[in-house]
>>> print(open('run.pdb').read())   # PDB, C-alpha atoms (C1' of nucleotides)
ATOM      1  CA  MET U   1     122.253 -49.937-146.890
ATOM      2  CA  TYR U   2     121.156 -46.952-144.840
ATOM      3  CA  SER U   3     122.652 -45.484-141.688
ATOM      4  CA  ILE U   4     120.316 -44.645-138.812
ATOM      5  CA  GLY U   5     120.618 -40.979-139.722
ATOM      6  CA  ALA U   6     119.549 -41.666-143.301
ATOM      7  CA  MET U   7     116.565 -43.645-141.975
ATOM      8  CA  SER U   8     115.662 -40.746-139.745
ATOM      9  CA  LYS U   9     115.803 -38.238-142.583
ATOM     10  CA  ALA U  10     113.837 -40.463-144.935
ATOM     11  CA  THR U  11     111.001 -41.254-142.518
ATOM     12  CA  GLY U  12     110.928 -38.303-140.158
ATOM     13  CA  VAL U  13     111.432 -40.505-137.109
ATOM     14  CA  LYS U  14     114.125 -39.164-134.793
ATOM     15  CA  VAL U  15     117.277 -41.171-134.304
ATOM     16  CA  PRO U  16     116.798 -41.926-130.581
ATOM     17  CA  THR U  17     113.235 -42.938-131.335
ATOM     18  CA  ILE U  18     114.412 -45.466-133.903
ATOM     19  CA  ARG U  19     116.748 -46.968-131.330
ATOM     20  CA  TYR U  20     113.868 -46.950-128.846
ATOM     21  CA  TYR U  21     111.679 -48.887-131.286
ATOM     22  CA  GLU U  22     114.454 -51.427-131.594
ATOM     23  CA  ASP U  23     114.798 -51.661-127.805
ATOM     24  CA  ILE U  24     111.153 -52.511-127.323
ATOM     25  CA  GLY U  25     111.206 -55.009-130.150
ATOM     26  CA  LEU U  26     108.997 -53.097-132.547
ATOM     27  CA  LEU U  27     111.665 -52.737-135.193
ATOM     28  CA  ARG U  28     113.955 -55.653-135.894
ATOM     29  CA  ALA U  29     117.610 -55.016-135.030
ATOM     30  CA  PRO U  30     119.516 -54.513-138.280
ATOM     31  CA  GLY U  31     123.040 -55.686-139.064
ATOM     32  CA  ARG U  32     126.070 -53.679-138.092
ATOM     33  CA  ASN U  33     129.062 -52.536-140.079
ATOM     34  CA  ALA U  34     132.698 -53.050-139.037
ATOM     35  CA  GLY U  35     132.467 -50.057-136.709
ATOM     36  CA  ASN U  36     129.342 -51.368-134.921
ATOM     37  CA  GLN U  37     126.976 -48.922-136.567
ATOM     38  CA  ARG U  38     123.477 -49.932-137.653
ATOM     39  CA  ARG U  39     122.954 -50.533-141.356
ATOM     40  CA  TYR U  40     119.388 -50.910-142.606
ATOM     41  CA  ASP U  41     118.075 -52.498-145.795
ATOM     42  CA  PRO U  42     114.945 -51.440-147.724
ATOM     43  CA  HIS U  43     112.796 -53.819-145.646
ATOM     44  CA  GLY U  44     113.849 -51.976-142.502
ATOM     45  CA  MET U  45     113.073 -48.697-144.167
ATOM     46  CA  GLN U  46     109.607 -49.892-145.137
ATOM     47  CA  ALA U  47     108.914 -51.161-141.628
ATOM     48  CA  LEU U  48     109.894 -47.844-140.097
ATOM     49  CA  GLY U  49     107.725 -46.002-142.602
ATOM     50  CA  PHE U  50     104.802 -48.212-141.637
ATOM     51  CA  ILE U  51     105.328 -47.453-137.955
ATOM     52  CA  LYS U  52     105.621 -43.737-138.592
ATOM     53  CA  HIS U  53     102.473 -43.602-140.647
ATOM     54  CA  ALA U  54     100.492 -45.611-138.128
ATOM     55  CA  ARG U  55     101.801 -43.428-135.262
ATOM     56  CA  ASP U  56     100.743 -40.338-137.188
ATOM     57  CA  LEU U  57      97.294 -41.865-137.419
ATOM     58  CA  GLY U  58      97.265 -42.203-133.643
ATOM     59  CA  PHE U  59      97.741 -45.953-133.279
ATOM     60  CA  ALA U  60      99.339 -47.107-130.036
ATOM     61  CA  LEU U  61     102.610 -48.974-130.318
ATOM     62  CA  ASP U  62     100.907 -52.171-129.206
ATOM     63  CA  ASP U  63      98.372 -51.832-132.008
ATOM     64  CA  ILE U  64     101.185 -51.286-134.457
ATOM     65  CA  ARG U  65     102.920 -54.352-133.168
ATOM     66  CA  ALA U  66      99.750 -56.363-133.836
ATOM     67  CA  LEU U  67      99.317 -54.858-137.285
ATOM     68  CA  MET U  68     102.897 -55.651-138.218
ATOM     69  CA  GLN U  69     102.481 -59.214-137.111
ATOM     70  CA  LEU U  70      99.421 -59.514-139.351
ATOM     71  CA  ASN U  71     101.419 -58.013-142.146
ATOM     72  CA  GLY U  72     104.122 -60.595-141.675
ATOM     73  CA  ASP U  73     101.799 -63.573-141.693
ATOM     74  CA  LEU U  74     101.021 -65.284-144.952
ATOM     75  CA  GLY U  75      97.313 -65.194-145.736
ATOM     76  CA  THR U  76      97.208 -61.773-144.154
ATOM     77  CA  ASP U  77      94.258 -61.442-141.819
ATOM     78  CA  CYS U  78      92.355 -58.566-143.304
ATOM     79  CA  VAL U  79      89.447 -58.870-140.891
ATOM     80  CA  GLU U  80      91.635 -58.360-137.857
ATOM     81  CA  ALA U  81      93.480 -55.439-139.415
ATOM     82  CA  ASP U  82      90.196 -53.819-140.246
ATOM     83  CA  ARG U  83      88.956 -54.363-136.705
ATOM     84  CA  ILE U  84      91.987 -52.570-135.282
ATOM     85  CA  ALA U  85      91.627 -49.696-137.745
ATOM     86  CA  ALA U  86      87.907 -49.361-137.076
ATOM     87  CA  SER U  87      88.436 -49.356-133.335
ATOM     88  CA  GLN U  88      91.036 -46.647-133.740
ATOM     89  CA  LEU U  89      88.558 -44.634-135.787
ATOM     90  CA  LEU U  90      85.982 -44.853-133.009
ATOM     91  CA  ASN U  91      88.633 -43.818-130.540
ATOM     92  CA  VAL U  92      89.558 -40.758-132.560
ATOM     93  CA  GLN U  93      85.919 -39.809-133.061
ATOM     94  CA  ALA U  94      85.291 -39.990-129.331
ATOM     95  CA  ARG U  95      88.289 -37.774-128.668
ATOM     96  CA  ILE U  96      87.020 -35.249-131.188
ATOM     97  CA  ALA U  97      83.606 -35.122-129.554
ATOM     98  CA  ARG U  98      85.116 -34.565-126.153
ATOM     99  CA  LEU U  99      87.490 -31.879-127.340
ATOM    100  CA  GLN U 100      84.649 -30.059-129.041
ATOM    101  CA  GLN U 101      82.813 -29.826-125.743
ATOM    102  CA  LEU U 102      85.942 -28.507-124.092
ATOM    103  CA  ALA U 103      86.431 -25.934-126.825
ATOM    104  CA  ALA U 104      82.888 -24.671-126.397
ATOM    105  CA  GLU U 105      83.390 -24.366-122.667
ATOM    106  CA  LEU U 106      86.728 -22.623-123.044
ATOM    107  CA  ALA U 107      85.296 -20.196-125.586
ATOM    108  CA  ARG U 108      82.513 -19.337-123.171
ATOM    109  CA  ILE U 109      84.929 -18.831-120.288
ATOM    110  CA  SER U 110      87.352 -16.849-122.383
ATOM    111  CA  HIS U 111      84.680 -14.351-123.378
ATOM    112  CA  LEU U 112      83.896 -13.520-119.782
ATOM    113  CA  CYS U 113      86.902 -11.275-119.505
ATOM    114  CA  ASP U 114      85.934  -7.618-119.724
ATOM    115  CA  GLY U 115      89.487  -6.353-119.570
ATOM    116  CA  GLY U 116      88.909  -4.601-116.293
ATOM    117  CA  ASN U 117      90.140  -5.578-112.879
ATOM    118  CA  GLY U 118      87.008  -4.863-110.928
ATOM    119  CA  GLY U 119      87.561  -7.217-108.022
ATOM    120  CA  GLN U 120      87.195 -10.815-109.155
ATOM    121  CA  CYS U 121      88.253 -12.191-112.520
ATOM    122  CA  ARG U 122      85.343 -13.995-114.053
ATOM    123  CA  VAL U 123      87.574 -16.308-116.050
ATOM    124  CA  LEU U 124      89.016 -17.620-112.823
ATOM    125  CA  THR U 125      85.602 -17.813-111.212
ATOM    126  CA  ALA U 126      84.292 -19.837-114.113
ATOM    127  CA  LEU U 127      87.236 -22.193-113.886
ATOM    128  CA  GLY U 128      86.587 -22.703-110.209
ATOM    129  CA  ASP U 129      82.893 -23.314-110.538
ATOM    130  CA  HIS U 130      81.813 -26.227-112.620
ATOM    131  CA  SER U 131      78.142 -25.463-112.006
ATOM    132  CA  GLN U 132      78.448 -22.452-114.319
ATOM    133  CA  CYS U 133      79.133 -24.764-117.222
ATOM    134  CA  THR U 134      76.521 -24.857-119.936
ATOM    135  CA  GLY U 135      77.199 -28.324-121.276
ATOM    136  CA  ALA U 136      78.129 -31.474-119.432
ATOM    137  CA  HIS U 137      81.766 -31.421-120.453
ATOM    138  CA  ASP U 138      82.758 -34.192-118.087
TER     139      ASP U 138
ATOM    140  CA  MET A   1      86.979 -30.724 -91.821
ATOM    141  CA  TYR A   2      87.150 -33.329 -94.556
ATOM    142  CA  SER A   3      89.209 -36.492 -94.789
ATOM    143  CA  ILE A   4      91.087 -37.193 -97.998
ATOM    144  CA  GLY A   5      88.463 -39.777 -98.895
ATOM    145  CA  ALA A   6      85.667 -37.239 -98.487
ATOM    146  CA  MET A   7      87.596 -34.822-100.702
ATOM    147  CA  SER A   8      87.985 -37.541-103.287
ATOM    148  CA  LYS A   9      84.273 -38.348-103.295
ATOM    149  CA  ALA A  10      83.248 -34.712-103.444
ATOM    150  CA  THR A  11      85.527 -33.714-106.324
ATOM    151  CA  GLY A  12      86.056 -36.941-108.245
ATOM    152  CA  VAL A  13      89.837 -36.749-107.867
ATOM    153  CA  LYS A  14      91.336 -40.058-106.743
ATOM    154  CA  VAL A  15      93.004 -40.253-103.359
ATOM    155  CA  PRO A  16      96.545 -40.983-104.601
ATOM    156  CA  THR A  17      96.160 -38.154-107.093
ATOM    157  CA  ILE A  18      95.319 -35.723-104.297
ATOM    158  CA  ARG A  19      98.468 -36.762-102.448
ATOM    159  CA  TYR A  20     100.383 -36.398-105.707
ATOM    160  CA  TYR A  21      99.121 -32.836-106.134
ATOM    161  CA  GLU A  22     100.326 -32.101-102.638
ATOM    162  CA  ASP A  23     103.730 -33.653-103.398
ATOM    163  CA  ILE A  24     104.313 -31.440-106.388
ATOM    164  CA  GLY A  25     103.159 -28.371-104.511
ATOM    165  CA  LEU A  26      99.971 -27.781-106.462
ATOM    166  CA  LEU A  27      97.706 -28.254-103.483
ATOM    167  CA  ARG A  28      98.746 -26.831-100.139
ATOM    168  CA  ALA A  29      99.415 -29.461 -97.463
ATOM    169  CA  PRO A  30      96.502 -29.446 -95.029
ATOM    170  CA  GLY A  31      96.682 -29.930 -91.281
ATOM    171  CA  ARG A  32      96.749 -33.358 -89.704
ATOM    172  CA  ASN A  33      94.664 -34.869 -86.951
ATOM    173  CA  ALA A  34      96.084 -36.662 -83.896
ATOM    174  CA  GLY A  35      96.569 -39.822 -85.964
ATOM    175  CA  ASN A  36      98.526 -38.033 -88.721
ATOM    176  CA  GLN A  37      95.704 -38.081 -91.231
ATOM    177  CA  ARG A  38      95.018 -35.158 -93.555
ATOM    178  CA  ARG A  39      92.106 -32.893 -92.650
ATOM    179  CA  TYR A  40      90.957 -30.342 -95.219
ATOM    180  CA  ASP A  41      88.934 -27.168 -94.793
ATOM    181  CA  PRO A  42      86.531 -25.658 -97.339
ATOM    182  CA  HIS A  43      89.366 -23.662 -98.915
ATOM    183  CA  GLY A  44      91.204 -26.871 -99.644
ATOM    184  CA  MET A  45      88.056 -28.334-101.112
ATOM    185  CA  GLN A  46      87.578 -25.342-103.363
ATOM    186  CA  ALA A  47      91.184 -25.469-104.523
ATOM    187  CA  LEU A  48      90.880 -29.129-105.440
ATOM    188  CA  GLY A  49      87.629 -28.432-107.288
ATOM    189  CA  PHE A  50      89.393 -25.723-109.266
ATOM    190  CA  ILE A  51      92.200 -28.089-110.213
ATOM    191  CA  LYS A  52      89.777 -30.814-111.221
ATOM    192  CA  HIS A  53      87.725 -28.523-113.389
ATOM    193  CA  ALA A  54      90.775 -27.065-115.082
ATOM    194  CA  ARG A  55      92.202 -30.552-115.680
ATOM    195  CA  ASP A  56      88.905 -31.613-117.228
ATOM    196  CA  LEU A  57      89.238 -28.641-119.544
ATOM    197  CA  GLY A  58      92.647 -29.922-120.602
ATOM    198  CA  PHE A  59      94.897 -27.445-118.821
ATOM    199  CA  ALA A  60      98.390 -28.684-117.975
ATOM    200  CA  LEU A  61      99.341 -28.755-114.317
ATOM    201  CA  ASP A  62     101.788 -25.910-114.879
ATOM    202  CA  ASP A  63      99.033 -23.778-116.361
ATOM    203  CA  ILE A  64      96.858 -24.584-113.390
ATOM    204  CA  ARG A  65      99.650 -23.592-111.063
ATOM    205  CA  ALA A  66      99.871 -20.225-112.830
ATOM    206  CA  LEU A  67      96.117 -19.747-112.744
ATOM    207  CA  MET A  68      95.969 -20.508-109.037
ATOM    208  CA  GLN A  69      98.705 -18.031-108.340
ATOM    209  CA  LEU A  70      96.720 -15.378-110.212
ATOM    210  CA  ASN A  71      93.705 -16.355-108.207
ATOM    211  CA  GLY A  72      95.618 -15.913-104.986
ATOM    212  CA  ASP A  73      96.981 -12.490-105.845
ATOM    213  CA  LEU A  74      95.008  -9.467-104.841
ATOM    214  CA  GLY A  75      93.998  -7.366-107.827
ATOM    215  CA  THR A  76      93.617 -10.569-109.747
ATOM    216  CA  ASP A  77      95.227 -10.312-113.142
ATOM    217  CA  CYS A  78      92.351 -10.938-115.461
ATOM    218  CA  VAL A  79      94.360 -10.285-118.584
ATOM    219  CA  GLU A  80      96.860 -13.000-117.823
ATOM    220  CA  ALA A  81      94.163 -15.503-116.893
ATOM    221  CA  ASP A  82      92.392 -14.779-120.124
ATOM    222  CA  ARG A  83      95.607 -15.195-122.064
ATOM    223  CA  ILE A  84      96.129 -18.656-120.585
ATOM    224  CA  ALA A  85      92.545 -19.656-121.271
ATOM    225  CA  ALA A  86      92.644 -18.335-124.820
ATOM    226  CA  SER A  87      95.894 -20.123-125.525
ATOM    227  CA  GLN A  88      94.366 -23.324-124.216
ATOM    228  CA  LEU A  89      91.400 -22.804-126.512
ATOM    229  CA  LEU A  90      93.700 -22.465-129.527
ATOM    230  CA  ASN A  91      95.487 -25.571-128.419
ATOM    231  CA  VAL A  92      92.263 -27.559-128.209
ATOM    232  CA  GLN A  93      91.060 -26.266-131.556
ATOM    233  CA  ALA A  94      94.304 -27.309-133.203
ATOM    234  CA  ARG A  95      93.986 -30.774-131.706
ATOM    235  CA  ILE A  96      90.441 -31.046-133.025
ATOM    236  CA  ALA A  97      91.514 -30.069-136.530
ATOM    237  CA  ARG A  98      94.285 -32.617-136.517
ATOM    238  CA  LEU A  99      92.085 -35.389-135.189
ATOM    239  CA  GLN A 100      89.486 -34.667-137.833
ATOM    240  CA  GLN A 101      92.061 -35.235-140.539
ATOM    241  CA  LEU A 102      93.077 -38.472-138.911
ATOM    242  CA  ALA A 103      89.477 -39.606-138.685
ATOM    243  CA  ALA A 104      88.947 -38.941-142.372
ATOM    244  CA  GLU A 105      92.060 -40.895-143.227
ATOM    245  CA  LEU A 106      91.121 -43.787-140.967
ATOM    246  CA  ALA A 107      87.621 -43.914-142.398
ATOM    247  CA  ARG A 108      89.078 -44.094-145.893
ATOM    248  CA  ILE A 109      91.481 -46.862-144.922
ATOM    249  CA  SER A 110      88.860 -48.785-143.045
ATOM    250  CA  HIS A 111      86.588 -48.957-146.054
ATOM    251  CA  LEU A 112      89.254 -50.592-148.176
ATOM    252  CA  CYS A 113      88.590 -53.951-146.581
ATOM    253  CA  ASP A 114      86.561 -56.156-148.869
ATOM    254  CA  GLY A 115      86.307 -59.006-146.405
ATOM    255  CA  GLY A 116      88.238 -61.350-148.632
ATOM    256  CA  ASN A 117      91.779 -62.569-148.257
ATOM    257  CA  GLY A 118      92.866 -62.261-151.835
ATOM    258  CA  GLY A 119      96.566 -61.901-151.284
ATOM    259  CA  GLN A 120      97.369 -58.556-149.725
ATOM    260  CA  CYS A 121      95.222 -56.708-147.199
ATOM    261  CA  ARG A 122      94.560 -53.240-148.483
ATOM    262  CA  VAL A 123      94.148 -51.812-145.012
ATOM    263  CA  LEU A 124      97.686 -52.818-144.205
ATOM    264  CA  THR A 125      98.937 -51.591-147.545
ATOM    265  CA  ALA A 126      97.335 -48.218-146.955
ATOM    266  CA  LEU A 127      98.911 -48.000-143.534
ATOM    267  CA  GLY A 128     102.296 -48.725-144.999
ATOM    268  CA  ASP A 129     102.049 -46.259-147.819
ATOM    269  CA  HIS A 130     101.597 -42.656-146.916
ATOM    270  CA  SER A 131     101.464 -41.617-150.564
ATOM    271  CA  GLN A 132      98.007 -43.173-150.821
ATOM    272  CA  CYS A 133      96.671 -40.599-148.391
ATOM    273  CA  THR A 134      94.173 -38.136-149.766
ATOM    274  CA  GLY A 135      94.797 -35.255-147.368
ATOM    275  CA  ALA A 136      98.047 -34.079-145.860
ATOM    276  CA  HIS A 137      97.386 -35.539-142.439
ATOM    277  CA  ASP A 138     100.891 -34.856-141.176
TER     278      ASP A 138
ATOM    279  C1'  DG V   1     145.575 -35.178-141.503
ATOM    280  C1'  DT V   2     142.339 -33.060-139.029
ATOM    281  C1'  DA V   3     137.941 -31.329-137.817
ATOM    282  C1'  DA V   4     133.081 -31.830-137.870
ATOM    283  C1'  DT V   5     129.548 -34.787-137.977
ATOM    284  C1'  DT V   6     127.388 -38.871-136.954
ATOM    285  C1'  DG V   7     127.187 -42.855-134.419
ATOM    286  C1'  DC V   8     127.427 -45.838-130.015
ATOM    287  C1'  DT V   9     125.713 -47.143-125.016
ATOM    288  C1'  DC V  10     123.860 -45.926-120.797
ATOM    289  C1'  DT V  11     121.229 -43.402-117.442
ATOM    290  C1'  DA V  12     117.802 -40.311-116.158
ATOM    291  C1'  DG V  13     114.038 -37.171-117.043
ATOM    292  C1'  DT V  14     109.339 -35.775-118.963
ATOM    293  C1'  DC V  15     103.951 -35.801-117.912
ATOM    294  C1'  DC V  16     100.351 -37.289-115.013
ATOM    295  C1'  DC V  17      99.291 -40.201-112.620
ATOM    296  C1'  DT V  18      98.513 -45.556-110.992
ATOM    297  C1'  DA V  19      99.601 -49.758-108.405
ATOM    298  C1'  DG V  20     101.411 -52.184-104.757
ATOM    299  C1'  DA V  21     103.655 -53.340-100.234
ATOM    300  C1'  DG V  22     103.455 -53.068 -95.536
ATOM    301  C1'  DG V  23     101.913 -50.761 -91.790
ATOM    302  C1'  DT V  24      98.590 -47.493 -88.689
ATOM    303  C1'  DT V  25      94.250 -45.219 -87.435
ATOM    304  C1'  DC V  26      89.413 -44.619 -87.490
ATOM    305  C1'  DA V  27      84.311 -45.626 -87.303
ATOM    306  C1'  DA V  28      80.584 -48.640 -86.630
ATOM    307  C1'  DG V  29      78.397 -52.693 -84.925
ATOM    308  C1'  DA V  30      78.037 -56.505 -81.242
TER     309       DA V  30
ATOM    310  C1'  DT I   1      84.464 -52.161 -74.529
ATOM    311  C1'  DC I   2      86.063 -54.894 -78.081
ATOM    312  C1'  DT I   3      86.546 -56.190 -82.717
ATOM    313  C1'  DT I   4      86.451 -55.941 -87.381
ATOM    314  C1'  DG I   5      86.890 -53.810 -91.716
ATOM    315  C1'  DA I   6      87.483 -49.741 -94.086
ATOM    316  C1'  DA I   7      90.177 -45.881 -94.730
ATOM    317  C1'  DC I   8      94.479 -43.845 -94.041
ATOM    318  C1'  DC I   9      99.806 -43.429 -93.944
ATOM    319  C1'  DT I  10     104.659 -43.594 -96.471
ATOM    320  C1'  DC I  11     107.514 -45.334 -99.857
ATOM    321  C1'  DT I  12     108.912 -47.310-104.211
ATOM    322  C1'  DA I  13     108.200 -48.602-108.860
ATOM    323  C1'  DG I  14     105.780 -48.667-113.254
ATOM    324  C1'  DG I  15     103.442 -47.032-117.490
ATOM    325  C1'  DG I  16     103.504 -44.919-122.491
ATOM    326  C1'  DA I  17     106.223 -42.878-125.787
ATOM    327  C1'  DC I  18     109.589 -40.799-126.027
ATOM    328  C1'  DT I  19     113.612 -36.921-125.020
ATOM    329  C1'  DA I  20     118.007 -35.222-123.181
ATOM    330  C1'  DG I  21     122.531 -35.630-121.889
ATOM    331  C1'  DA I  22     127.163 -37.661-120.805
ATOM    332  C1'  DG I  23     131.137 -39.614-122.516
ATOM    333  C1'  DC I  24     133.226 -41.915-126.019
ATOM    334  C1'  DA I  25     134.121 -44.238-131.025
ATOM    335  C1'  DA I  26     133.590 -44.151-136.001
ATOM    336  C1'  DT I  27     132.901 -41.956-140.280
ATOM    337  C1'  DT I  28     133.017 -38.278-143.694
ATOM    338  C1'  DA I  29     134.508 -33.989-145.923
ATOM    339  C1'  DC I  30     137.932 -30.925-146.875
TER     340       DC I  30
END
>>> encode(input="run.pdb", output="structure tokens")
Amino acid sequence: MYSIGAMSKATGVKVPTIRYYEDIGLLRAPGRNAGNQRRYDPHGMQALGFIKHARDLGFALDDIRALMQLNGDLGTDCVEADRIAASQLLNVQARIARLQQLAAELARISHLCDGGNGGQCRVLTALGDHSQCTGAHD
Amino acid sequence: MYSIGAMSKATGVKVPTIRYYEDIGLLRAPGRNAGNQRRYDPHGMQALGFIKHARDLGFALDDIRALMQLNGDLGTDCVEADRIAASQLLNVQARIARLQQLAAELARISHLCDGGNGGQCRVLTALGDHSQCTGAHD
DNA sequence: GTAATTGCTCTAGTCCCTAGAGGTTCAAGA
DNA sequence: TCTTGAACCTCTAGGGACTAGAGCAATTAC
């Protein structure tokens, strides 16, 4: 039986966040000891680890909820789980592509600074004027 | 003189968002016409364009506030503006690196699905077990 | 036995908007 | 000129995923 603090240390999820997950019904409420403190069993620990890992991979809490439900069902629906994972992969790839455009634009803008203060800062000018952009960043 | 709707169309910032920017003091409150509706001048338009562009580049509103203040000062502080832009570039690059690790991990997990339902779904297993991960994604 | 740590609940705040209610003003056509 | 429909106004609340803090109770270590 683990206290909430032990769970937090073991998984890397902060204590208030664990309580939050319980509040929104993502993590089942565990039993309590005589002093009304949460006491988790290994199943609870595994569930929290699953959530943490999926969060680290960028899944939304609603996705995780769906994945956990699949996990709970007998005859686990592999096709659906794979669909969610694949969609998340696409999502992440799209975000990467977009960020790469932004990085290119920022690098360009950043290099405009000549260190001097001769009137107008070209970094600021570039930020104000989208038409100076080389790529279509948005 | 532009109405708020004209500003929205010209810059791509939604009407409630423009009012929000005014609320938080990012965009100066414009004058009003006889019927209490906002009327913007070209300066206001330019300011909103600046905000939009900077937001598209991923700057936080607080950064934008700082940049606009620099822009307003005489003897515009190019060094400070460049510092903010460079820091934002680092930020974006770090996010890209992290997302690329996630994408690799997700691609690996996604390929575990063999389409069958032979007991346990390996996608779900992989999500639950961080130790299966190839790279240190977090 | 006492002090420090950990735990409890509850409320409110973060960021950046978005949605909706309920009302007023404007612009264009008949 | 009148009417209609779009655009505008203020205000409040919600969203996602937490985070922070107050004020108190329980546990743990010495």
>>> closest_residue(input="run.pdb", among="I:DA29, I:DT10, I:DC24, I:DG16", to="chain U", atoms="only C-alpha atoms (C1' of nucleotides)")
I:DG16
>>> closest_atom_pairs(input="run.pdb", of="chain V", to="chain U", cutoff="9 Å", atoms="all atoms listed in the file", output="JSON lines")
{"residue": "V:DT6", "atom": "C1'", "partner": "U:Gly5", "partner_atom": "CA", "distance": 7.6}
{"residue": "V:DG7", "atom": "C1'", "partner": "U:Gln37", "partner_atom": "CA", "distance": 6.4}
{"residue": "V:DC8", "atom": "C1'", "partner": "U:Gln37", "partner_atom": "CA", "distance": 7.3}
>>> write_last_selection(input="run.pdb", atoms="C-alpha atoms (C1' of nucleotides)", output="PDB file, keeping the file's coordinate frame")
ATOM      1  C1'  DT V   6     127.388 -38.871-136.954  1.00  0.00           C
ATOM      2  C1'  DG V   7     127.187 -42.855-134.419  1.00  0.00           C
ATOM      3  C1'  DC V   8     127.427 -45.838-130.015  1.00  0.00           C
TER       4       DC V   8
END
>>> closest_atom_pairs(input="run.pdb", of="chain U", to="chain A", cutoff="6 Å", atoms="only C-alpha atoms", output="Markdown table")
| residue | atom | partner | partner_atom | distance |
| --- | --- | --- | --- | --- |
| U:Phe50 | CA | A:Gly128 | CA | 4.2 |
| U:Leu57 | CA | A:Leu102 | CA | 5.6 |
| U:Cys78 | CA | A:Cys121 | CA | 5.2 |
| U:Asp82 | CA | A:Ser110 | CA | 5.9 |
| U:Leu89 | CA | A:Leu106 | CA | 5.8 |
| U:Ile96 | CA | A:Ile96 | CA | 5.7 |
| U:Leu102 | CA | A:Leu57 | CA | 5.6 |
| U:Ala103 | CA | A:Leu89 | CA | 5.9 |
| U:Leu106 | CA | A:Leu89 | CA | 5.8 |
| U:Ser110 | CA | A:Asp82 | CA | 5.9 |
| U:Cys121 | CA | A:Cys78 | CA | 5.2 |
| U:Gly128 | CA | A:Phe50 | CA | 4.2 |
>>> atom_distance(input="run.pdb", atom1="atom CA of A:Ser8", atom2="atom CA of A:Glu80")
29.9 Å
>>> residues_around(input="run.pdb", residues="V:DA30", least_positions_apart="2", cutoff="12 Å", atoms="all atoms listed in the file", output="PyMOL selection string")
(chain V and resi 28) or (chain I and resi 1-4)
>>> decode(input="run.pdb", residues="stretch 8-19 of chain V", atoms="N, CA, C and O atoms (P, O5', C5', C4', C3', O3' and C1' of nucleotides)", output="compact mmCIF listing (two decimals), in the first residue's frame")
# COMPACT_ATOMS: atom_id res chain seq x y z
P DC V 8 -4.12 12.50 0.98
O5' DC V 8 -5.05 13.54 1.76
C5' DC V 8 -5.93 13.06 2.77
C4' DC V 8 -6.80 14.20 3.29
C3' DC V 8 -7.53 14.97 2.21
O3' DC V 8 -8.77 14.34 1.92
C1' DC V 8 -6.56 16.46 3.81
P DT V 9 -9.52 14.78 0.58
O5' DT V 9 -10.07 16.23 0.96
C5' DT V 9 -11.06 16.38 1.99
C4' DT V 9 -11.42 17.84 2.14
C3' DT V 9 -12.08 18.41 0.89
O3' DT V 9 -13.32 19.01 1.24
C1' DT V 9 -10.24 19.77 1.56
P DC V 10 -14.35 19.40 0.10
O5' DC V 10 -13.97 20.93 -0.16
C5' DC V 10 -13.87 21.82 0.96
C4' DC V 10 -13.27 23.14 0.51
C3' DC V 10 -13.75 23.60 -0.87
O3' DC V 10 -14.57 24.75 -0.74
C1' DC V 10 -11.39 23.86 -0.60
P DT V 11 -15.25 25.39 -2.07
O5' DT V 11 -14.22 26.58 -2.39
C5' DT V 11 -13.68 27.35 -1.32
C4' DT V 11 -12.65 28.30 -1.87
C3' DT V 11 -13.03 28.96 -3.20
O3' DT V 11 -12.81 30.36 -3.09
C1' DT V 11 -10.90 27.94 -3.37
P DA V 12 -13.17 31.30 -4.35
O5' DA V 12 -11.75 31.60 -5.01
C5' DA V 12 -10.65 31.96 -4.17
C4' DA V 12 -9.41 32.02 -5.01
C3' DA V 12 -9.61 32.70 -6.37
O3' DA V 12 -8.43 33.45 -6.65
C1' DA V 12 -8.71 30.60 -6.70
P DG V 13 -8.46 34.60 -7.74
O5' DG V 13 -7.11 34.34 -8.55
C5' DG V 13 -5.87 34.11 -7.87
C4' DG V 13 -4.98 33.33 -8.79
C3' DG V 13 -4.98 33.83 -10.23
O3' DG V 13 -3.67 34.24 -10.59
C1' DG V 13 -5.24 31.47 -10.16
P DT V 14 -3.43 35.11 -11.89
O5' DT V 14 -2.79 34.05 -12.88
C5' DT V 14 -1.65 33.27 -12.48
C4' DT V 14 -1.42 32.19 -13.50
C3' DT V 14 -1.55 32.66 -14.94
O3' DT V 14 -0.25 32.89 -15.47
C1' DT V 14 -2.53 30.47 -14.57
P DC V 15 -0.01 34.01 -16.56
O5' DC V 15 -0.39 33.26 -17.91
C5' DC V 15 0.35 32.13 -18.34
C4' DC V 15 -0.35 31.56 -19.54
C3' DC V 15 -0.83 32.62 -20.53
O3' DC V 15 -0.31 32.30 -21.80
C1' DC V 15 -2.57 31.10 -20.02
P DC V 16 0.03 33.44 -22.83
O5' DC V 16 -1.32 33.32 -23.68
C5' DC V 16 -1.55 32.13 -24.45
C4' DC V 16 -2.98 32.10 -24.87
C3' DC V 16 -3.52 33.40 -25.48
O3' DC V 16 -4.11 33.10 -26.73
C1' DC V 16 -5.03 32.50 -23.96
P DC V 17 -4.28 34.24 -27.82
O5' DC V 17 -5.52 35.07 -27.26
C5' DC V 17 -6.86 34.84 -27.72
C4' DC V 17 -7.39 33.53 -27.22
C3' DC V 17 -8.75 33.18 -27.78
O3' DC V 17 -8.62 32.05 -28.65
C1' DC V 17 -8.65 32.79 -25.42
P DT V 18 -9.69 31.88 -29.82
O5' DT V 18 -11.00 31.38 -29.06
C5' DT V 18 -11.09 30.05 -28.60
C4' DT V 18 -12.47 29.84 -28.02
C3' DT V 18 -13.62 30.32 -28.90
O3' DT V 18 -14.46 29.18 -29.11
C1' DT V 18 -13.89 31.09 -26.68
P DA V 19 -15.76 29.31 -30.01
O5' DA V 19 -16.90 29.47 -28.91
C5' DA V 19 -16.87 28.65 -27.75
C4' DA V 19 -18.13 28.86 -26.95
C3' DA V 19 -19.34 29.28 -27.78
O3' DA V 19 -20.47 28.60 -27.28
C1' DA V 19 -18.91 30.90 -26.11
